[in-house]
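Notes to accompany the following structure.
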Amino acid sequence: MTKRNSRYDLLFEPVTIGPKITKNRFYQVPHCNGMGHRYPRAMAEMRGVKAEGGWGVVCTEECSIHPTSDLSPATLMRLWDDEDLPVHELMIEKIHRHDALAGIQLVHNGFEVANYVTRQPSLAPSAIPTEWFRHVHARGMDKSDIRDLRKWYVDAAVRSKRAGYDIIYTYAAHGTMTLLYQFLLSRYNHRTDEYGGSLENRVRLLKEILSDMKDAVGDSCAVALRFAVDELLGEDGMQKNEAQDIVGLLAELPDLWDVNVAAWHNDSMPSRFGVEGGQERYIDFVKALTTKPVVGVGRFTSPDTMVSQIKRGVIDLIGAARPSIADPFLPNKIDQGLEDEIRECIGCNMCTSGDFLAHPMRCTQNPTMGEEWRRQWHPVNIAQAGSSDSVLIVGGGPAGLEAAVALSDRGYEVTLSEAGEKLGGRVLRESSLASLSQWQRVADHRSYLLSQRANVQTYTDSTLTTEDILDAGIAHIAIATGASWREDFYGIQHPQSLTVTDPSMITGVDSVLAGVMPSGKVMVYDDDHYYLASAIAEQLARSGVEVVLVTAAADIAEWTHNTLENEHIQIRLRELGVQIVCNKEIKDVEAGKVTLACVYIGKTEVHEVSTVIPLTSRVASNQLYTKLFESQARWADSGIKSVTAIGDCHIPATIAMAVYAGHEYARELDVPESHKGVFRRELGLGGE
Ligand code: ADP
Ligand code: SF4
């Protein structure tokens, strides 16, 4: 095993956090995962795997301390009473097994939640509608509510200590998400008593709770504070000057400062809108105001950036949520001198959609994320090959690349054939758009690994036909030939192809991604509702083209609310002067003009444009797959035992799903049919 580069030694130094010592500086900060109390075994195993991968501290997601903070329908942690303890103990044991510290992020969400399951009134510093469910109001807290809150925090801290946690947080970050932050913000805290008004008064409750927790558990547990130093709202929100005063007021009280920016979409900044280490300029003042260790995040995947931030005194601990999701073994890889093998987060935020949609999170880069317990998929270990058969993979997009990597890990002889000049498929095409450039990491990581493997032959500029495959003499064939964008507007809004008057007005998405950049005024029509239409509109606008973005939905890029991209997209497209038209469908495309109709009442309007780019749906490129089945009678003579379609060529979907499909194919090769697609269910633990 190679040893780590000495310039990264700093990352492996122990750090004292109150009464605890972490073995290194790799700190998995709290992050949601869509598993929580409903999928506790999956959650516990996922956290345990991170500890195994070298993270010195592994924290929970936010953990509600009381039924008045019921985050339903989201799936997060709870510590309302002793009944919740087994879920926590299960996870802590898995973290401790690998000498990591276990942290818990205790929270009351105040007016963020509407308590749909518990039916308790929500609480707030002052009476206000709840954040996400505005028709339900929260009650302004009186003094007895404040006493109760302090007690709930102490009770939860004591329970956390009993469960075995090493680091116990209180949470005042992510903007309106936490009650203690709501108290800090004068726009929500209108109180006239000693908990409102001056900054000292607004900080009082946080200070009391931190002191209460220190008194209750500080002898043996570290008490941490997560605090957002800037909401990026300018004078309307928290910003540096006030944050400096708050850090000054509380400086030595917490054993650890975990600092970031708010709101969540700024903290988990998508790579389209922010760079690695991008929070430095907001948080860099904190260390000067406290002697306590400081942890910060910034989608850190480069060990050089990590070392630089520590050496320059920005932070003491490398906080990571997404990098630890994309590669749970990131610390161990650096430790073993394998930093070139780090599977770097691409900043797509597919992972955050698990929280919004209340399902176990998935990661574009890491197909084993969330499947560690459910399918017993370990991110590093994989079963040896079930036979000495060879495998031919046709298509080097995310599905084909991931299948090749995982199959080679299993020890199979693999041939990968790609028609294009380079590996990457759709990732290569889409990352040619400037704002998606980091997504190329999906291809780069896998291409690099394949280049290191003796049991993989990779061919580019190599279009395979049915006859080529029948002649190859290879036992297992995976067809990963992708999908192409339709140009006939067929999709959810137009469930029949649309016959337009002038088809020459239309430029397909695949042409645009191949480098055809239309000029004049361009209409981008989006019935896909994810990121691509906005990325194309952005690219065109940046190159000086006048763009109108039309969607049948009420909002552009609707699904990107789940990936924290939407607000950034809205701002960027408006700043670039893109005209936005919602609730409209295409009626006809004629020379120089497009007729749109209102999706509700059919009222039409005409837009003069020179080109239309339709993003409505895709069609699987499965001709090769179909032809091979037509030749099934010849398989035995050709030595073919199986032909399988994977990824977009099976069903056009997300990149995450293509990677998952490639991985699943590799895991399940030479496995009995009855064992395929099987997952363990969460029964008997957790629940509401
Ligand atoms: P997925 O997301 O499922 O991986 P992609 O569209 O990203 O799908 O990738 C499919 C890849 O397959 C593309 O790079 C394409 O060039 C390649 N391909 C398609 N047909 C063939 C073929 N007959 N032989 C080799 N490669 C092919
Ligand atoms: Fe990173 Fe995307 Fe994976 Fe989230 S889903 S960890 S943003 S690669």
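So you can find residues: chains in the structure tokens are A, B, ... in the order shown, residues in each start at 1, and ligands are numbered from 1 in order.
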Legend entry - Which of stretch 170-412 of chain A DSSP labels strand (DSSP E or B), written as an MDAnalysis selection string: chainID A and resid 170:172 222:230 256:261 294:296 317:320 390:394
Could you report the residues within 6 Å of ligand 2, using only C-alpha atoms and all ligand atoms, as a PDB file with N, CA and C atoms, in the first residue's frame?
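out_29.pdb written:
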```
ATOM      1  N   ARG A 322     -21.160  16.961   1.173  1.00  0.00           N
ATOM      2  CA  ARG A 322     -21.200  16.349  -0.158  1.00  0.00           C
ATOM      3  C   ARG A 322     -19.926  15.574  -0.516  1.00  0.00           C
ATOM      4  N   PRO A 323     -18.725  16.100  -0.213  1.00  0.00           N
ATOM      5  CA  PRO A 323     -17.543  15.282  -0.551  1.00  0.00           C
ATOM      6  C   PRO A 323     -17.522  13.934   0.170  1.00  0.00           C
ATOM      7  N   ILE A 325     -20.226  12.282   0.870  1.00  0.00           N
ATOM      8  CA  ILE A 325     -21.287  11.490   0.231  1.00  0.00           C
ATOM      9  C   ILE A 325     -20.747  10.900  -1.071  1.00  0.00           C
ATOM     10  N   ALA A 326     -20.096  11.740  -1.851  1.00  0.00           N
ATOM     11  CA  ALA A 326     -19.551  11.278  -3.139  1.00  0.00           C
ATOM     12  C   ALA A 326     -18.428  10.270  -2.929  1.00  0.00           C
ATOM     13  N   CYS A 345     -16.982  15.037  -5.680  1.00  0.00           N
ATOM     14  CA  CYS A 345     -18.343  15.573  -5.801  1.00  0.00           C
ATOM     15  C   CYS A 345     -18.402  16.517  -7.004  1.00  0.00           C
ATOM     16  N   ILE A 346     -19.494  16.436  -7.764  1.00  0.00           N
ATOM     17  CA  ILE A 346     -19.626  17.331  -8.928  1.00  0.00           C
ATOM     18  C   ILE A 346     -20.510  18.540  -8.628  1.00  0.00           C
ATOM     19  N   GLY A 347     -21.047  18.605  -7.414  1.00  0.00           N
ATOM     20  CA  GLY A 347     -21.862  19.771  -7.055  1.00  0.00           C
ATOM     21  C   GLY A 347     -23.188  19.837  -7.794  1.00  0.00           C
ATOM     22  N   CYS A 348     -23.763  18.667  -8.091  1.00  0.00           N
ATOM     23  CA  CYS A 348     -25.045  18.647  -8.810  1.00  0.00           C
ATOM     24  C   CYS A 348     -26.233  18.718  -7.856  1.00  0.00           C
ATOM     25  N   ASN A 349     -25.995  18.357  -6.601  1.00  0.00           N
ATOM     26  CA  ASN A 349     -27.023  18.368  -5.545  1.00  0.00           C
ATOM     27  C   ASN A 349     -28.166  17.385  -5.770  1.00  0.00           C
ATOM     28  N   MET A 350     -27.917  16.340  -6.520  1.00  0.00           N
ATOM     29  CA  MET A 350     -28.898  15.264  -6.570  1.00  0.00           C
ATOM     30  C   MET A 350     -29.138  14.732  -5.150  1.00  0.00           C
ATOM     31  N   CYS A 351     -28.110  14.782  -4.325  1.00  0.00           N
ATOM     32  CA  CYS A 351     -28.218  14.262  -2.953  1.00  0.00           C
ATOM     33  C   CYS A 351     -29.260  15.014  -2.133  1.00  0.00           C
ATOM     34  N   CYS A 363     -26.677   9.669  -4.883  1.00  0.00           N
ATOM     35  CA  CYS A 363     -25.580  10.537  -5.292  1.00  0.00           C
ATOM     36  C   CYS A 363     -25.210  10.198  -6.726  1.00  0.00           C
ATOM     37  N   THR A 364     -24.994  11.223  -7.530  1.00  0.00           N
ATOM     38  CA  THR A 364     -24.627  10.992  -8.931  1.00  0.00           C
ATOM     39  C   THR A 364     -23.304  10.231  -9.019  1.00  0.00           C
ATOM     40  N   GLN A 365     -22.347  10.633  -8.207  1.00  0.00           N
ATOM     41  CA  GLN A 365     -21.020  10.030  -8.289  1.00  0.00           C
ATOM     42  C   GLN A 365     -20.933   8.676  -7.571  1.00  0.00           C
TER      43      GLN A 365
END
```
Which residues form the shell of 9 Å around ligand 1 when you count only C-alpha atoms and all ligand atoms, given as a PDB file with C-alpha atoms, in the first residue's frame?
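Once written, out-v5.pdb looks like this:
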```pdb
ATOM      1  CA  ILE A 393     -19.642  -2.932 -22.770  1.00  0.00           C
ATOM      2  CA  VAL A 394     -20.905  -0.918 -25.706  1.00  0.00           C
ATOM      3  CA  GLY A 395     -21.014   2.786 -24.910  1.00  0.00           C
ATOM      4  CA  GLY A 396     -18.767   4.847 -22.679  1.00  0.00           C
ATOM      5  CA  GLY A 397     -21.271   7.164 -20.998  1.00  0.00           C
ATOM      6  CA  PRO A 398     -21.867   7.152 -17.251  1.00  0.00           C
ATOM      7  CA  ALA A 399     -23.613   3.758 -17.312  1.00  0.00           C
ATOM      8  CA  GLY A 400     -20.945   2.025 -19.397  1.00  0.00           C
ATOM      9  CA  LEU A 401     -18.058   3.634 -17.518  1.00  0.00           C
ATOM     10  CA  GLU A 402     -19.402   2.745 -14.101  1.00  0.00           C
ATOM     11  CA  LEU A 416     -15.326  -1.072 -23.413  1.00  0.00           C
ATOM     12  CA  SER A 417     -16.121   0.252 -26.846  1.00  0.00           C
ATOM     13  CA  GLU A 418     -17.150   3.863 -27.395  1.00  0.00           C
ATOM     14  CA  ALA A 419     -18.222   5.366 -30.720  1.00  0.00           C
ATOM     15  CA  GLY A 420     -17.035   8.865 -29.862  1.00  0.00           C
ATOM     16  CA  GLU A 421     -13.528  10.315 -29.744  1.00  0.00           C
ATOM     17  CA  LYS A 422     -13.570  10.434 -25.961  1.00  0.00           C
ATOM     18  CA  LEU A 423     -15.203   8.633 -23.079  1.00  0.00           C
ATOM     19  CA  GLY A 424     -18.044  10.297 -21.223  1.00  0.00           C
ATOM     20  CA  GLY A 425     -21.224  10.131 -23.322  1.00  0.00           C
ATOM     21  CA  ARG A 426     -23.820  12.622 -22.195  1.00  0.00           C
ATOM     22  CA  VAL A 427     -21.589  13.862 -19.401  1.00  0.00           C
ATOM     23  CA  LEU A 428     -19.020  14.925 -21.952  1.00  0.00           C
ATOM     24  CA  ARG A 429     -21.658  16.644 -24.040  1.00  0.00           C
ATOM     25  CA  TYR A 459     -11.517   1.613 -27.399  1.00  0.00           C
ATOM     26  CA  THR A 460     -12.716   5.014 -28.569  1.00  0.00           C
ATOM     27  CA  ASP A 461     -13.753   5.901 -32.152  1.00  0.00           C
ATOM     28  CA  SER A 462     -15.143   2.414 -32.163  1.00  0.00           C
ATOM     29  CA  THR A 463     -18.763   2.051 -33.274  1.00  0.00           C
ATOM     30  CA  LEU A 464     -19.851  -1.538 -32.858  1.00  0.00           C
ATOM     31  CA  THR A 465     -22.476  -3.194 -35.042  1.00  0.00           C
ATOM     32  CA  THR A 466     -24.518  -6.306 -34.330  1.00  0.00           C
ATOM     33  CA  ILE A 479     -25.493  -2.228 -24.165  1.00  0.00           C
ATOM     34  CA  ALA A 480     -25.061   1.285 -22.791  1.00  0.00           C
ATOM     35  CA  THR A 481     -25.693   3.277 -25.938  1.00  0.00           C
ATOM     36  CA  GLY A 482     -27.616   6.094 -24.300  1.00  0.00           C
ATOM     37  CA  ALA A 483     -30.508   8.134 -25.600  1.00  0.00           C
ATOM     38  CA  SER A 484     -31.156  11.064 -27.889  1.00  0.00           C
ATOM     39  CA  ALA A 620     -33.594   5.335 -25.896  1.00  0.00           C
ATOM     40  CA  SER A 621     -30.891   4.495 -28.464  1.00  0.00           C
ATOM     41  CA  ASN A 622     -31.645   0.808 -28.212  1.00  0.00           C
ATOM     42  CA  GLN A 623     -31.487  -0.244 -31.875  1.00  0.00           C
ATOM     43  CA  LEU A 624     -28.349  -2.303 -31.273  1.00  0.00           C
ATOM     44  CA  ALA A 645     -29.454  -2.826 -21.743  1.00  0.00           C
ATOM     45  CA  ILE A 646     -28.268  -0.438 -19.046  1.00  0.00           C
ATOM     46  CA  GLY A 647     -28.606   3.265 -18.372  1.00  0.00           C
ATOM     47  CA  ASP A 648     -30.305   5.680 -20.746  1.00  0.00           C
ATOM     48  CA  CYS A 649     -30.514   3.039 -23.468  1.00  0.00           C
ATOM     49  CA  HIS A 650     -32.786   1.098 -21.112  1.00  0.00           C
ATOM     50  CA  ILE A 651     -34.692   4.077 -19.725  1.00  0.00           C
ATOM     51  CA  PRO A 652     -33.577   7.670 -20.340  1.00  0.00           C
ATOM     52  CA  ALA A 653     -33.127   9.157 -16.876  1.00  0.00           C
ATOM     53  CA  THR A 654     -30.703  11.119 -14.733  1.00  0.00           C
ATOM     54  CA  ILE A 655     -26.943  10.686 -14.769  1.00  0.00           C
ATOM     55  CA  ALA A 656     -27.269   9.347 -11.219  1.00  0.00           C
ATOM     56  CA  MET A 657     -29.623   6.640 -12.438  1.00  0.00           C
ATOM     57  CA  ALA A 658     -27.323   5.703 -15.318  1.00  0.00           C
ATOM     58  CA  VAL A 659     -24.371   5.348 -12.937  1.00  0.00           C
ATOM     59  CA  ALA A 661     -27.679   1.069 -13.449  1.00  0.00           C
ATOM     60  CA  GLY A 662     -24.085   0.460 -14.518  1.00  0.00           C
TER      61      GLY A 662
END
```
Legend entry - Of the listed residues A:Phe26, A:Phe227, A:Trp373, A:Tyr165, that which approaches A:Tyr39 most closely, counting only C-alpha atoms: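 Closest residue, counting only C-alpha atoms: A:Trp373.
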Legend entry - Exercise: stretch 126-137 of chain A partners within 12 Å, only C-alpha atoms, chain neighbours under 5 positions left out, as a ChimeraX atom specification: /A:69,71-74,109-116,119-121,142-143,145-146,175-179,182-193,195-197,356
Mind writing the picked residues with N, CA and C atoms as a CSV table (one decimal), in the first residue's frame?
```
chain,number,residue,atom,x,y,z
A,69,SER,N,-41.4,20.4,17.0
A,69,SER,CA,-40.5,20.6,15.9
A,69,SER,C,-40.6,19.3,15.1
A,71,LEU,N,-40.6,17.7,11.6
A,71,LEU,CA,-40.2,18.0,10.3
A,71,LEU,C,-40.9,17.3,9.2
A,72,SER,N,-42.0,16.6,9.5
A,72,SER,CA,-42.7,15.8,8.4
A,72,SER,C,-43.1,16.8,7.4
A,73,PRO,N,-43.2,16.5,6.1
A,73,PRO,CA,-43.0,15.1,5.6
A,73,PRO,C,-41.5,14.8,5.4
A,74,ALA,N,-40.6,15.6,5.7
A,74,ALA,CA,-39.1,15.2,5.6
A,74,ALA,C,-38.8,14.1,6.5
A,109,ASN,N,-37.0,23.6,15.1
A,109,ASN,CA,-37.1,24.4,13.9
A,109,ASN,C,-38.1,25.5,13.9
A,110,GLY,N,-38.7,25.8,15.1
A,110,GLY,CA,-39.5,27.0,15.2
A,110,GLY,C,-40.6,27.1,14.1
A,111,PHE,N,-40.6,28.2,13.4
A,111,PHE,CA,-41.7,28.4,12.5
A,111,PHE,C,-41.4,27.8,11.1
A,112,GLU,N,-40.3,27.1,11.0
A,112,GLU,CA,-40.0,26.4,9.8
A,112,GLU,C,-41.0,25.3,9.5
A,113,VAL,N,-41.5,24.7,10.6
A,113,VAL,CA,-42.3,23.5,10.5
A,113,VAL,C,-43.7,23.7,10.8
A,114,ALA,N,-44.6,22.9,10.2
A,114,ALA,CA,-46.1,23.1,10.5
A,114,ALA,C,-46.6,21.9,11.4
A,115,ASN,N,-45.7,21.0,11.7
A,115,ASN,CA,-46.1,19.9,12.7
A,115,ASN,C,-47.2,19.1,12.1
A,116,TYR,N,-47.1,18.6,10.9
A,116,TYR,CA,-48.2,17.9,10.3
A,116,TYR,C,-48.6,16.6,11.0
A,119,ARG,N,-49.4,17.6,15.1
A,119,ARG,CA,-50.5,18.5,15.2
A,119,ARG,C,-50.3,19.5,16.4
A,120,GLN,N,-49.1,19.7,16.8
A,120,GLN,CA,-48.8,20.7,17.8
A,120,GLN,C,-48.7,22.1,17.2
A,121,PRO,N,-49.0,23.1,17.9
A,121,PRO,CA,-48.7,24.5,17.4
A,121,PRO,C,-47.2,24.7,17.2
A,142,ASP,N,-44.1,32.6,24.7
A,142,ASP,CA,-44.0,33.3,25.9
A,142,ASP,C,-42.9,32.8,26.8
A,143,LYS,N,-42.8,33.3,28.0
A,143,LYS,CA,-41.7,32.9,28.9
A,143,LYS,C,-41.8,31.4,29.3
A,145,ASP,N,-42.8,29.1,27.3
A,145,ASP,CA,-42.3,28.4,26.1
A,145,ASP,C,-40.8,28.4,26.2
A,146,ILE,N,-40.2,29.5,26.5
A,146,ILE,CA,-38.8,29.6,26.5
A,146,ILE,C,-38.2,28.7,27.6
A,175,GLY,N,-30.3,30.0,8.0
A,175,GLY,CA,-31.4,31.0,7.9
A,175,GLY,C,-32.5,30.7,8.8
A,176,THR,N,-33.7,30.6,8.2
A,176,THR,CA,-34.9,30.5,8.9
A,176,THR,C,-35.1,29.0,9.4
A,177,MET,N,-34.2,28.1,9.2
A,177,MET,CA,-34.5,26.7,9.5
A,177,MET,C,-34.5,26.4,11.0
A,178,THR,N,-33.9,27.2,11.8
A,178,THR,CA,-33.8,26.9,13.2
A,178,THR,C,-34.3,28.0,14.1
A,179,LEU,N,-34.9,27.6,15.1
A,179,LEU,CA,-35.6,28.6,16.1
A,179,LEU,C,-34.5,29.5,16.7
A,182,GLN,N,-33.8,32.1,14.3
A,182,GLN,CA,-34.9,33.0,14.1
A,182,GLN,C,-34.9,34.0,15.2
A,183,PHE,N,-34.5,33.6,16.4
A,183,PHE,CA,-34.3,34.6,17.5
A,183,PHE,C,-33.2,35.6,17.2
A,184,LEU,N,-32.2,35.2,16.5
A,184,LEU,CA,-31.1,36.2,16.3
A,184,LEU,C,-31.5,37.2,15.2
A,185,LEU,N,-32.5,36.9,14.4
A,185,LEU,CA,-32.8,37.8,13.3
A,185,LEU,C,-33.9,38.8,13.7
A,186,SER,N,-33.6,40.1,13.6
A,186,SER,CA,-34.6,41.1,14.0
A,186,SER,C,-35.8,41.1,13.1
A,187,ARG,N,-35.6,40.6,11.9
A,187,ARG,CA,-36.8,40.6,11.0
A,187,ARG,C,-37.9,39.6,11.5
A,188,TYR,N,-37.5,38.6,12.3
A,188,TYR,CA,-38.5,37.7,12.8
A,188,TYR,C,-38.7,37.8,14.3
A,189,ASN,N,-37.7,38.4,15.0
A,189,ASN,CA,-37.8,38.5,16.5
A,189,ASN,C,-38.2,40.0,16.7
A,190,HIS,N,-39.5,40.1,17.0
A,190,HIS,CA,-40.0,41.5,17.3
A,190,HIS,C,-40.3,41.6,18.8
A,191,ARG,N,-39.7,40.8,19.6
A,191,ARG,CA,-40.0,40.8,21.1
A,191,ARG,C,-39.5,42.1,21.7
A,192,THR,N,-40.2,42.5,22.8
A,192,THR,CA,-39.8,43.7,23.5
A,192,THR,C,-39.3,43.3,24.9
A,193,ASP,N,-39.1,42.0,25.2
A,193,ASP,CA,-38.6,41.6,26.5
A,193,ASP,C,-37.1,41.4,26.4
A,195,TYR,N,-35.4,39.0,25.5
A,195,TYR,CA,-35.0,38.1,24.4
A,195,TYR,C,-35.2,38.8,23.0
A,196,GLY,N,-35.5,40.1,23.0
A,196,GLY,CA,-35.7,40.8,21.7
A,196,GLY,C,-35.0,42.1,21.7
A,197,GLY,N,-35.0,42.8,20.6
A,197,GLY,CA,-34.4,44.2,20.6
A,197,GLY,C,-32.9,44.1,20.3
A,356,PHE,N,-35.8,16.7,0.2
A,356,PHE,CA,-37.1,17.3,-0.2
A,356,PHE,C,-38.2,16.3,-0.6
```
Legend entry - Nearest-residue call for A:Ala224, choices A:Lys521, A:Arg410, A:His88, A:Lys20, using only C-alpha atoms: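 The answer is A:Lys20, which sits nearest to A:Ala224.
We find atom CA of A:Asn241 and atom CA of A:Ala228 to be spaced 12.7 Å apart.
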Inset, instruction - Please provide the set of residues having any atom within 6 Å of stretch 292-309 of chain A, restricted to only C-alpha atoms, with same-chain residues fewer than 5 positions apart removed, written as JSON, numbers by chain. - result: {"A": [255, 256, 257, 258, 259, 276, 277, 278, 279, 314, 315, 316, 317, 319, 320, 323, 344]}
How would the residues just chosen look if you wrote them out with C-alpha atoms as a PDB file, in the first residue's frame?
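In the end it all went to selection21.pdb:
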```
ATOM      1  CA  ASP A 255     -16.239  23.795  22.396  1.00  0.00           C
ATOM      2  CA  LEU A 256     -16.377  24.003  18.625  1.00  0.00           C
ATOM      3  CA  TRP A 257     -17.560  26.541  16.079  1.00  0.00           C
ATOM      4  CA  ASP A 258     -19.077  25.051  12.954  1.00  0.00           C
ATOM      5  CA  VAL A 259     -19.577  28.034  10.667  1.00  0.00           C
ATOM      6  CA  GLU A 276     -14.568  24.821  -3.985  1.00  0.00           C
ATOM      7  CA  GLY A 277     -13.695  26.693  -0.798  1.00  0.00           C
ATOM      8  CA  GLY A 278     -16.091  29.485  -1.739  1.00  0.00           C
ATOM      9  CA  GLN A 279     -17.155  30.213   1.867  1.00  0.00           C
ATOM     10  CA  VAL A 314      -9.117  29.867   8.056  1.00  0.00           C
ATOM     11  CA  ILE A 315     -10.325  26.641   9.669  1.00  0.00           C
ATOM     12  CA  ASP A 316      -8.982  23.818  11.860  1.00  0.00           C
ATOM     13  CA  LEU A 317     -11.195  21.014  10.622  1.00  0.00           C
ATOM     14  CA  GLY A 319     -15.967  20.070   7.108  1.00  0.00           C
ATOM     15  CA  ALA A 320     -17.649  18.038   4.427  1.00  0.00           C
ATOM     16  CA  PRO A 323     -17.543  15.282  -0.551  1.00  0.00           C
ATOM     17  CA  GLU A 344     -14.934  14.102  -6.425  1.00  0.00           C
TER      18      GLU A 344
END
```
Legend entry - Polymer residues at most 7 Å from stretch 283-289 of chain A, only C-alpha atoms, same-chain spacing of 6 or more positions, as a VMD selection string: chain A and resid 229 247 to 248 251 259 to 260 314
Determine, using only C-alpha atoms, which residues of stretch 511-604 of chain A have any atom at most 10 Å from an atom of stretch 436-452 of chain A, and tabulate each with its shortest atom pair and distance in Å to one decimal place, rows ordered by chain and then rising number, as JSON lines.
```
{"residue": "A:Tyr531", "atom": "CA", "partner": "A:Leu436", "partner_atom": "CA", "distance": 9.6}
{"residue": "A:Leu532", "atom": "CA", "partner": "A:Leu436", "partner_atom": "CA", "distance": 9.2}
{"residue": "A:Ala535", "atom": "CA", "partner": "A:Leu436", "partner_atom": "CA", "distance": 7.5}
{"residue": "A:Ile536", "atom": "CA", "partner": "A:Leu436", "partner_atom": "CA", "distance": 10.0}
```
Inset, instruction - With a distance cut-off of 9 Å and only C-alpha atoms, select the neighbouring residues of A:Tyr665, excluding the residue or stretch itself and same-chain residues fewer than 4 positions from it, and output the selection as a VMD selection string. - result: chain A and resid 403 406 to 407 478 644 646 660 to 661 669
Keeping only N, CA, C and O atoms, write the selected residues as an mmCIF file, in the first residue's frame.
```
data_model
loop_
_atom_site.group_PDB
_atom_site.id
_atom_site.type_symbol
_atom_site.label_atom_id
_atom_site.label_comp_id
_atom_site.auth_asym_id
_atom_site.auth_seq_id
_atom_site.Cartn_x
_atom_site.Cartn_y
_atom_site.Cartn_z
ATOM 1 N N ALA A 403 -20.109 0.642 -15.103
ATOM 2 C CA ALA A 403 -20.142 -0.823 -15.205
ATOM 3 C C ALA A 403 -18.720 -1.351 -15.396
ATOM 4 O O ALA A 403 -18.319 -2.336 -14.755
ATOM 5 N N ALA A 406 -16.684 -1.118 -12.049
ATOM 6 C CA ALA A 406 -17.108 -2.082 -11.027
ATOM 7 C C ALA A 406 -16.830 -3.520 -11.463
ATOM 8 O O ALA A 406 -16.434 -4.366 -10.641
ATOM 9 N N LEU A 407 -17.003 -3.791 -12.748
ATOM 10 C CA LEU A 407 -16.694 -5.153 -13.234
ATOM 11 C C LEU A 407 -15.198 -5.434 -13.123
ATOM 12 O O LEU A 407 -14.788 -6.542 -12.754
ATOM 13 N N ALA A 478 -23.110 -5.778 -22.391
ATOM 14 C CA ALA A 478 -23.903 -4.694 -21.791
ATOM 15 C C ALA A 478 -24.034 -3.587 -22.826
ATOM 16 O O ALA A 478 -23.029 -3.056 -23.304
ATOM 17 N N THR A 644 -27.676 -7.258 -22.045
ATOM 18 C CA THR A 644 -28.439 -6.431 -21.098
ATOM 19 C C THR A 644 -28.336 -4.964 -21.499
ATOM 20 O O THR A 644 -27.236 -4.478 -21.790
ATOM 21 N N ILE A 646 -28.423 -1.171 -20.309
ATOM 22 C CA ILE A 646 -28.268 -0.438 -19.046
ATOM 23 C C ILE A 646 -28.254 1.075 -19.299
ATOM 24 O O ILE A 646 -27.877 1.542 -20.367
ATOM 25 N N TYR A 660 -25.983 4.364 -11.446
ATOM 26 C CA TYR A 660 -26.545 3.310 -10.592
ATOM 27 C C TYR A 660 -26.800 2.043 -11.415
ATOM 28 O O TYR A 660 -26.463 0.926 -10.986
ATOM 29 N N ALA A 661 -27.363 2.228 -12.601
ATOM 30 C CA ALA A 661 -27.679 1.069 -13.449
ATOM 31 C C ALA A 661 -26.402 0.330 -13.849
ATOM 32 O O ALA A 661 -26.363 -0.910 -13.860
ATOM 33 N N LEU A 669 -23.867 -9.378 -12.074
ATOM 34 C CA LEU A 669 -23.452 -10.338 -13.095
ATOM 35 C C LEU A 669 -23.083 -11.664 -12.420
ATOM 36 O O LEU A 669 -22.392 -11.686 -11.397
#
```
Inset, instruction - Choose the residue, out of A:Val643, A:Leu330, A:Leu210, A:Cys598, that has the smallest atom-to-atom separation from A:Ala51; count only C-alpha atoms. - result: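 Once distances to A:Ala51 are computed over only C-alpha atoms, the minimum belongs to A:Leu330.
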